[in-house]
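Have a look at the structure below, then the notes.
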Amino acid sequence: MRRSKLMAGALALALVGGFTAQTMIPGQFALADPVHVEDSGPTDFTGVVKAVQPAVVSVIVRSEVKPVADNMQGWSFGFGGDVPDFFRNLPPNHPFKRFWNEQHGNQDKKAPKHHRYGMAQGSGFFISDDGYIVTNQHVVEGGDKFTVKMNDGTEYGAKLIGADERTDLALLKVDGKDHKFTYVDFANDTPMVGEWVVAVGNPFGLGGSVTVGIVSARGRDIGAGPYDDFIQIDAPINRGNSGGPAFNTKGEVIGINAAIYSPSGGNVGIAFAIPAETAKQVISELKNDGHVVRGWLGVQIQPVSQDIADSLGLKKAEGALVANPTETSPAAEAGIKTGDAILSVDGKPVKGPRELAKVIAGYEPGAKVDIKIWRDGEEKTVTVELGKMPEKQQVASADSGDTQGTVGALGLELANARDAELDSDGVVIGSVDPDGPAADKGLQSGDIILEAGGAKVETPQDVAKQAEAARKDGRKALLLRVQHNDDMRFVALSLKKDS
């Protein structure tokens with residue numbers, strides 16, 4: 001009787017909705033709610049496009065085409081600079097030369113110089129109502145005349161205010177007299193992956209073209225320069241879109257379209273834009289000074305791989321490893337040495353070479369910064385007075401090579417460099433086991449090992465002693481400083497534990 005009443009109570013509870021999917025029932029697990037997101041996508045982009053399109057322009061660049069020397073005093077037979085001997089060796093009174101002189105006249109050094117010009121096109125956008133236009137440096141490079149074409153077909157002449165090759169940004173100025181141009185602002189908020197993006201530009205000369213996609217990724221390093229920090233988008237971008245803006249749905253510029261990845265040369269849904277955060281700083285300096293001045297540390301650096309971190313005794317594979325400080329550079333004068341790992345600058349963490357380059361570039365020449373380094377198993381702080389980055393210097397970076405794989409032996413056959421009749425100290429690599437760890441890290445015959453475990457080496461025995469010392473210290477890898485031709489880099493080879 002009691003059992004019947006309990007069952008009836010349970011049935012009544014069920015009928016009034018007492019049980020739910022989350023109610024614990026003996027012998028069953030509670031189910032978690034699935035992910036649910038409210039639809040936040042716009043039904044269309046006409047409002048954004050209508051607002052921003054008048055601010056986007058086509059940039060037409062004229063550049064002089066340098067004539068190809070034909071070495072025949074004005075003759076040209078369509079062979080470029082490689083004129084066949086048959087024509088080159090004709091005597092002065094030959095009929096061919098007489099015919100040429102009759103048709104074209106004697107072309108000597110006093111003949112007027114004829115200029116030939118080529119035209120290129122890109123995109124750009126107004127950032128002020130008085131006519132300042134942002135575009136890419138590679139769009140205006142080599143140009144001697146600049147024209148901007150509005151969405152309504154109106155054309156204006158423009159002058160180049162400044163360009164920055166390292167970030168691929170340039171600033172033009174249109175003299176519109178009293179005309180007030182429609183302009184757009186840079187976004188203050190960092191775009192999120194998955195956010196809508198609207199690209200407007202001049203692909204293949206088709207001005208005012210609009211494409212839509214999303215932010216695919218952030219912080220992309222595509223090897224374009226030392227300050228790579230691209231936004232990856234999948235909005236269709238093609239030739240001619242360079243310099244054009246990528247907008248969010250508020251009509252703010254989140255990036256400047258600069259490059260595409262394409263095996264075929266056309267759009268495959270992978271494009272890269274310079275972040276607004278980078279552009280704002282660079283464009284401001286171009287507007288004020290016509291060029292960008294950056295701080296300079298003067299070091300050749302490479303990433304800290306896990307193997308290198310293990311060999312140095314670092315807990316994390318972070319920082320920038322100094323492969324070689326430039327002579328007389330601020331770094332060298334402050335005492336930064338080969339093998340130091342740079343961990344932070346004025347308290348700002350340095351995760352890798354790219355972060356170090358960006359942080360240092362953000363300082364003015366002459367600024368004093370406190371750089372935290374890792375040396376001989378402990379942290380030290382060095383104060384450096386930064387210099388001015390040379391105009392044409394490339395920021396040096398050493399390739400770290402492949403850092404994958406575990407190894408049991410070094411896999412190297414070594415000899416003293418002097419004994420091998422090389423004009424160098426150190427130990428030369430005679431051969432590399434193709435199945436060994438050294439081959440995996442890219443070491444080659446002829447490479448010279450200058451240091452092992454932070455100590456200079458002169459003989460193969462020195463290398464073996466350092467490997468044994470690293471094992472006894474509990475290190476997982478032996479750090480080698482290697483010279484390949486004129487380049488220096490560090491390579492960490494894992495050490496097999498004693499069985």
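If you're wondering about the labels, chains in the structure tokens are A, B, ... by order shown, residues count from 1 in each chain, ligands from 1 in order shown.
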| message | Which residues are close to Lys177 (chain A), i.e. within 12 Å by only C-alpha atoms, leaving aside same-chain residues fewer than 5 positions away? Reply as a PyMOL selection string. | response | chain A and resi 129-131+156-157
| request: Report the residues of region 228-455 of chain A whose backbone DSSP state falls under strand (DSSP E or B), written as number ranges by chain. | output: A: 230-233, 245-247, 253-260, 271-275, 295-296, 299-303, 320-325, 341-345, 348-349, 368-375, 378-385, 387-388, 397, 412-416, 427-432, 448-452, 455
| Separation of CA of Gly377 (chain A) from CA of Ile308 (chain A) in Å | 12.7 Å
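Pairwise distance (CA of Gly207 (chain A), CA of Phe45 (chain A)) equals 18.0 Å.
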| field | Shell around Asp144 (chain A) at 8 Å using only C-alpha atoms, local window under 6 positions removed, as a VMD selection string | value | chain A and resid 61 to 64
At a cut-off of 8 Å, using only C-alpha atoms, what residues contact region 464-469 of chain A? Leave out same-chain residues fewer than 6 positions from it and give the result as a short mmCIF file (atom, residue, chain, number, x, y, z; two decimals) with N, CA, C and O atoms, in the first residue's frame.
```
data_model
loop_
_atom_site.label_atom_id
_atom_site.label_comp_id
_atom_site.auth_asym_id
_atom_site.auth_seq_id
_atom_site.Cartn_x
_atom_site.Cartn_y
_atom_site.Cartn_z
N ALA A 452 80.13 25.59 -26.87
CA ALA A 452 79.25 24.51 -26.43
C ALA A 452 78.97 24.72 -24.96
O ALA A 452 79.90 24.87 -24.16
N GLY A 453 77.71 24.78 -24.59
CA GLY A 453 77.36 25.01 -23.19
C GLY A 453 77.85 26.34 -22.66
O GLY A 453 78.10 26.48 -21.46
N ALA A 455 80.71 27.75 -23.32
CA ALA A 455 82.17 27.81 -23.25
C ALA A 455 82.77 27.65 -24.64
O ALA A 455 82.25 26.89 -25.47
N LEU A 478 72.24 20.30 -24.99
CA LEU A 478 73.51 21.02 -25.06
C LEU A 478 73.36 22.14 -26.08
O LEU A 478 72.98 21.92 -27.23
N LEU A 495 70.08 15.72 -25.08
CA LEU A 495 71.05 14.77 -24.55
C LEU A 495 70.33 13.53 -24.04
O LEU A 495 69.31 13.63 -23.34
#
```
| said: Applying 8 Å and only C-alpha atoms, which residues near region 249-257 of chain A remain after dropping the ones on its own chain fewer than 2 positions away? List them as a PyMOL selection string. | reply: chain A and resi 45+48-49+51-52+135-136+184-187+190-191+196-198+231+237+241-247+259+271-276+279
Prev. selection, N, CA and C atoms, output as an mmCIF file, in the first residue's frame:
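Heads up, here's the output in part.cif:
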```
data_model
loop_
_atom_site.group_PDB
_atom_site.id
_atom_site.type_symbol
_atom_site.label_atom_id
_atom_site.label_comp_id
_atom_site.auth_asym_id
_atom_site.auth_seq_id
_atom_site.Cartn_x
_atom_site.Cartn_y
_atom_site.Cartn_z
ATOM 1 N N PHE A 45 24.796 44.536 -45.444
ATOM 2 C CA PHE A 45 25.848 45.495 -45.112
ATOM 3 C C PHE A 45 25.667 46.816 -45.851
ATOM 4 N N VAL A 48 26.593 50.071 -43.853
ATOM 5 C CA VAL A 48 28.027 50.295 -43.682
ATOM 6 C C VAL A 48 28.654 50.756 -44.993
ATOM 7 N N VAL A 49 28.333 50.037 -46.080
ATOM 8 C CA VAL A 49 28.937 50.340 -47.379
ATOM 9 C C VAL A 49 28.569 51.753 -47.833
ATOM 10 N N ALA A 51 27.895 54.289 -46.081
ATOM 11 C CA ALA A 51 28.551 55.311 -45.264
ATOM 12 C C ALA A 51 30.030 55.453 -45.597
ATOM 13 N N VAL A 52 30.725 54.326 -45.826
ATOM 14 C CA VAL A 52 32.188 54.378 -45.944
ATOM 15 C C VAL A 52 32.688 54.469 -47.380
ATOM 16 N N THR A 135 47.631 54.552 -47.611
ATOM 17 C CA THR A 135 47.753 53.451 -48.566
ATOM 18 C C THR A 135 48.974 52.633 -48.173
ATOM 19 N N ASN A 136 49.373 51.687 -49.029
ATOM 20 C CA ASN A 136 50.563 50.872 -48.772
ATOM 21 C C ASN A 136 51.807 51.522 -49.351
ATOM 22 N N VAL A 184 37.193 58.365 -42.736
ATOM 23 C CA VAL A 184 36.879 57.319 -41.757
ATOM 24 C C VAL A 184 37.934 57.321 -40.656
ATOM 25 N N ASP A 185 37.588 56.682 -39.526
ATOM 26 C CA ASP A 185 38.480 56.601 -38.372
ATOM 27 C C ASP A 185 39.014 55.183 -38.204
ATOM 28 N N PHE A 186 40.151 55.102 -37.537
ATOM 29 C CA PHE A 186 40.671 53.794 -37.145
ATOM 30 C C PHE A 186 39.907 53.295 -35.916
ATOM 31 N N ALA A 187 39.718 51.990 -35.847
ATOM 32 C CA ALA A 187 39.051 51.389 -34.696
ATOM 33 C C ALA A 187 39.971 51.412 -33.490
ATOM 34 N N THR A 190 40.448 46.102 -30.541
ATOM 35 C CA THR A 190 41.078 45.036 -31.322
ATOM 36 C C THR A 190 39.999 44.103 -31.870
ATOM 37 N N PRO A 191 40.022 43.801 -33.163
ATOM 38 C CA PRO A 191 38.992 42.919 -33.721
ATOM 39 C C PRO A 191 39.118 41.507 -33.169
ATOM 40 N N TRP A 196 32.790 40.118 -38.246
ATOM 41 C CA TRP A 196 32.566 40.487 -39.641
ATOM 42 C C TRP A 196 33.577 41.530 -40.090
ATOM 43 N N VAL A 197 33.968 41.469 -41.353
ATOM 44 C CA VAL A 197 34.877 42.457 -41.927
ATOM 45 C C VAL A 197 34.413 42.769 -43.350
ATOM 46 N N VAL A 198 34.415 44.060 -43.691
ATOM 47 C CA VAL A 198 33.996 44.528 -45.011
ATOM 48 C C VAL A 198 35.203 45.196 -45.678
ATOM 49 N N ILE A 231 46.478 40.925 -39.360
ATOM 50 C CA ILE A 231 45.152 40.346 -39.183
ATOM 51 C C ILE A 231 44.863 39.504 -40.431
ATOM 52 N N ILE A 237 40.198 39.301 -51.441
ATOM 53 C CA ILE A 237 41.123 40.394 -51.723
ATOM 54 C C ILE A 237 41.943 39.998 -52.949
ATOM 55 N N ASN A 241 43.685 45.702 -54.462
ATOM 56 C CA ASN A 241 43.100 45.988 -53.152
ATOM 57 C C ASN A 241 44.131 46.528 -52.168
ATOM 58 N N SER A 242 45.412 46.391 -52.501
ATOM 59 C CA SER A 242 46.461 46.833 -51.580
ATOM 60 C C SER A 242 46.279 48.299 -51.201
ATOM 61 N N GLY A 243 46.353 48.574 -49.908
ATOM 62 C CA GLY A 243 46.182 49.934 -49.413
ATOM 63 C C GLY A 243 44.763 50.270 -49.051
ATOM 64 N N GLY A 244 43.828 49.401 -49.409
ATOM 65 C CA GLY A 244 42.427 49.647 -49.100
ATOM 66 C C GLY A 244 42.072 49.250 -47.679
ATOM 67 N N PRO A 245 40.958 49.773 -47.156
ATOM 68 C CA PRO A 245 40.588 49.517 -45.768
ATOM 69 C C PRO A 245 39.773 48.239 -45.590
ATOM 70 N N ALA A 246 39.916 47.656 -44.406
ATOM 71 C CA ALA A 246 39.041 46.577 -43.947
ATOM 72 C C ALA A 246 38.249 47.139 -42.773
ATOM 73 N N PHE A 247 36.926 47.169 -42.903
ATOM 74 C CA PHE A 247 36.050 47.799 -41.913
ATOM 75 C C PHE A 247 35.383 46.766 -41.015
ATOM 76 N N ALA A 259 48.416 42.160 -48.246
ATOM 77 C CA ALA A 259 48.988 40.983 -48.901
ATOM 78 C C ALA A 259 47.948 39.877 -48.973
ATOM 79 N N ALA A 271 43.875 36.481 -46.772
ATOM 80 C CA ALA A 271 44.422 37.821 -46.979
ATOM 81 C C ALA A 271 44.906 38.372 -45.650
ATOM 82 N N PHE A 272 45.778 39.375 -45.727
ATOM 83 C CA PHE A 272 46.401 39.903 -44.519
ATOM 84 C C PHE A 272 46.308 41.432 -44.510
ATOM 85 N N ALA A 273 45.939 41.958 -43.345
ATOM 86 C CA ALA A 273 45.764 43.403 -43.178
ATOM 87 C C ALA A 273 46.635 43.900 -42.023
ATOM 88 N N ILE A 274 47.210 45.095 -42.200
ATOM 89 C CA ILE A 274 48.007 45.733 -41.151
ATOM 90 C C ILE A 274 47.060 46.266 -40.083
ATOM 91 N N PRO A 275 47.244 45.905 -38.821
ATOM 92 C CA PRO A 275 46.300 46.322 -37.781
ATOM 93 C C PRO A 275 46.210 47.832 -37.630
ATOM 94 N N ALA A 276 45.017 48.301 -37.276
ATOM 95 C CA ALA A 276 44.797 49.733 -37.062
ATOM 96 C C ALA A 276 45.708 50.269 -35.972
ATOM 97 N N ALA A 279 48.943 51.049 -37.575
ATOM 98 C CA ALA A 279 48.808 52.134 -38.547
ATOM 99 C C ALA A 279 48.672 53.496 -37.877
#
```
| task | Would you return as number ranges by chain the members of region 278-460 of chain A that DSSP assigns to alpha helix (DSSP H) on this structure's backbone? | result | A: 278-289, 306-312, 330-334, 353-361, 437-440, 460
| task | Excluding Asn202 (chain A) and residues on its chain fewer than 3 positions from it, collect all residues at most 7 Å away from it, counting only C-alpha atoms, and give them as an NGL selection string. | result | :A and (58 or 122-123 or 205-209 or 240-241)
The selected residues should be written to file as a PDB file, in the first residue's frame (atoms: all heavy atoms).
```
ATOM      1  N   SER A  58      40.698  55.062 -55.401  1.00  0.00           N
ATOM      2  CA  SER A  58      41.704  54.353 -56.188  1.00  0.00           C
ATOM      3  C   SER A  58      42.948  55.228 -56.257  1.00  0.00           C
ATOM      4  O   SER A  58      42.858  56.439 -56.448  1.00  0.00           O
ATOM      5  CB  SER A  58      41.182  54.078 -57.607  1.00  0.00           C
ATOM      6  OG  SER A  58      40.026  53.268 -57.576  1.00  0.00           O
ATOM      7  N   GLY A 122      46.379  50.996 -56.997  1.00  0.00           N
ATOM      8  CA  GLY A 122      46.100  50.386 -55.713  1.00  0.00           C
ATOM      9  C   GLY A 122      44.890  51.057 -55.106  1.00  0.00           C
ATOM     10  O   GLY A 122      44.078  51.662 -55.820  1.00  0.00           O
ATOM     11  N   SER A 123      44.773  50.961 -53.801  1.00  0.00           N
ATOM     12  CA  SER A 123      43.631  51.546 -53.105  1.00  0.00           C
ATOM     13  C   SER A 123      44.120  52.408 -51.949  1.00  0.00           C
ATOM     14  O   SER A 123      45.287  52.351 -51.564  1.00  0.00           O
ATOM     15  CB  SER A 123      42.707  50.440 -52.576  1.00  0.00           C
ATOM     16  OG  SER A 123      42.288  49.585 -53.618  1.00  0.00           O
ATOM     17  N   GLY A 205      41.530  47.403 -61.001  1.00  0.00           N
ATOM     18  CA  GLY A 205      41.040  48.662 -61.532  1.00  0.00           C
ATOM     19  C   GLY A 205      39.541  48.856 -61.398  1.00  0.00           C
ATOM     20  O   GLY A 205      39.008  49.851 -61.893  1.00  0.00           O
ATOM     21  N   LEU A 206      38.864  47.926 -60.739  1.00  0.00           N
ATOM     22  CA  LEU A 206      37.411  48.027 -60.566  1.00  0.00           C
ATOM     23  C   LEU A 206      37.131  48.755 -59.258  1.00  0.00           C
ATOM     24  O   LEU A 206      36.875  48.139 -58.218  1.00  0.00           O
ATOM     25  CB  LEU A 206      36.778  46.634 -60.566  1.00  0.00           C
ATOM     26  CG  LEU A 206      37.034  45.805 -61.835  1.00  0.00           C
ATOM     27  CD1 LEU A 206      36.531  44.384 -61.661  1.00  0.00           C
ATOM     28  CD2 LEU A 206      36.355  46.460 -63.039  1.00  0.00           C
ATOM     29  N   GLY A 207      37.186  50.076 -59.296  1.00  0.00           N
ATOM     30  CA  GLY A 207      37.059  50.894 -58.097  1.00  0.00           C
ATOM     31  C   GLY A 207      35.724  50.724 -57.406  1.00  0.00           C
ATOM     32  O   GLY A 207      34.691  50.487 -58.035  1.00  0.00           O
ATOM     33  N   GLY A 208      35.740  50.864 -56.079  1.00  0.00           N
ATOM     34  CA  GLY A 208      34.509  50.779 -55.301  1.00  0.00           C
ATOM     35  C   GLY A 208      33.993  49.377 -55.082  1.00  0.00           C
ATOM     36  O   GLY A 208      32.847  49.203 -54.668  1.00  0.00           O
ATOM     37  N   SER A 209      34.819  48.362 -55.330  1.00  0.00           N
ATOM     38  CA  SER A 209      34.371  46.974 -55.143  1.00  0.00           C
ATOM     39  C   SER A 209      34.310  46.649 -53.652  1.00  0.00           C
ATOM     40  O   SER A 209      35.190  47.015 -52.878  1.00  0.00           O
ATOM     41  CB  SER A 209      35.324  46.010 -55.840  1.00  0.00           C
ATOM     42  OG  SER A 209      35.286  46.193 -57.240  1.00  0.00           O
ATOM     43  N   GLY A 240      45.274  45.025 -56.558  1.00  0.00           N
ATOM     44  CA  GLY A 240      44.640  46.335 -56.608  1.00  0.00           C
ATOM     45  C   GLY A 240      43.944  46.707 -55.315  1.00  0.00           C
ATOM     46  O   GLY A 240      43.628  47.878 -55.088  1.00  0.00           O
ATOM     47  N   ASN A 241      43.685  45.702 -54.462  1.00  0.00           N
ATOM     48  CA  ASN A 241      43.100  45.988 -53.152  1.00  0.00           C
ATOM     49  C   ASN A 241      44.131  46.528 -52.168  1.00  0.00           C
ATOM     50  O   ASN A 241      43.768  47.043 -51.102  1.00  0.00           O
ATOM     51  CB  ASN A 241      42.474  44.728 -52.541  1.00  0.00           C
ATOM     52  CG  ASN A 241      41.044  44.504 -52.974  1.00  0.00           C
ATOM     53  OD1 ASN A 241      40.747  43.564 -53.710  1.00  0.00           O
ATOM     54  ND2 ASN A 241      40.146  45.368 -52.532  1.00  0.00           N
TER      55      ASN A 241
END
```
| said: So, with only C-alpha atoms as the atoms that count, which of A:Ala477, A:Leu171, A:Val482, A:Met389 lies closest to Leu410 (chain A)? | reply: A:Ala477
| query | Which residue out of A:Gly295, A:Pro353, A:Gly446, A:Gly124 has the minimum interatomic distance to Thr147 (chain A) when only C-alpha atoms are used? | reply | A:Gly124
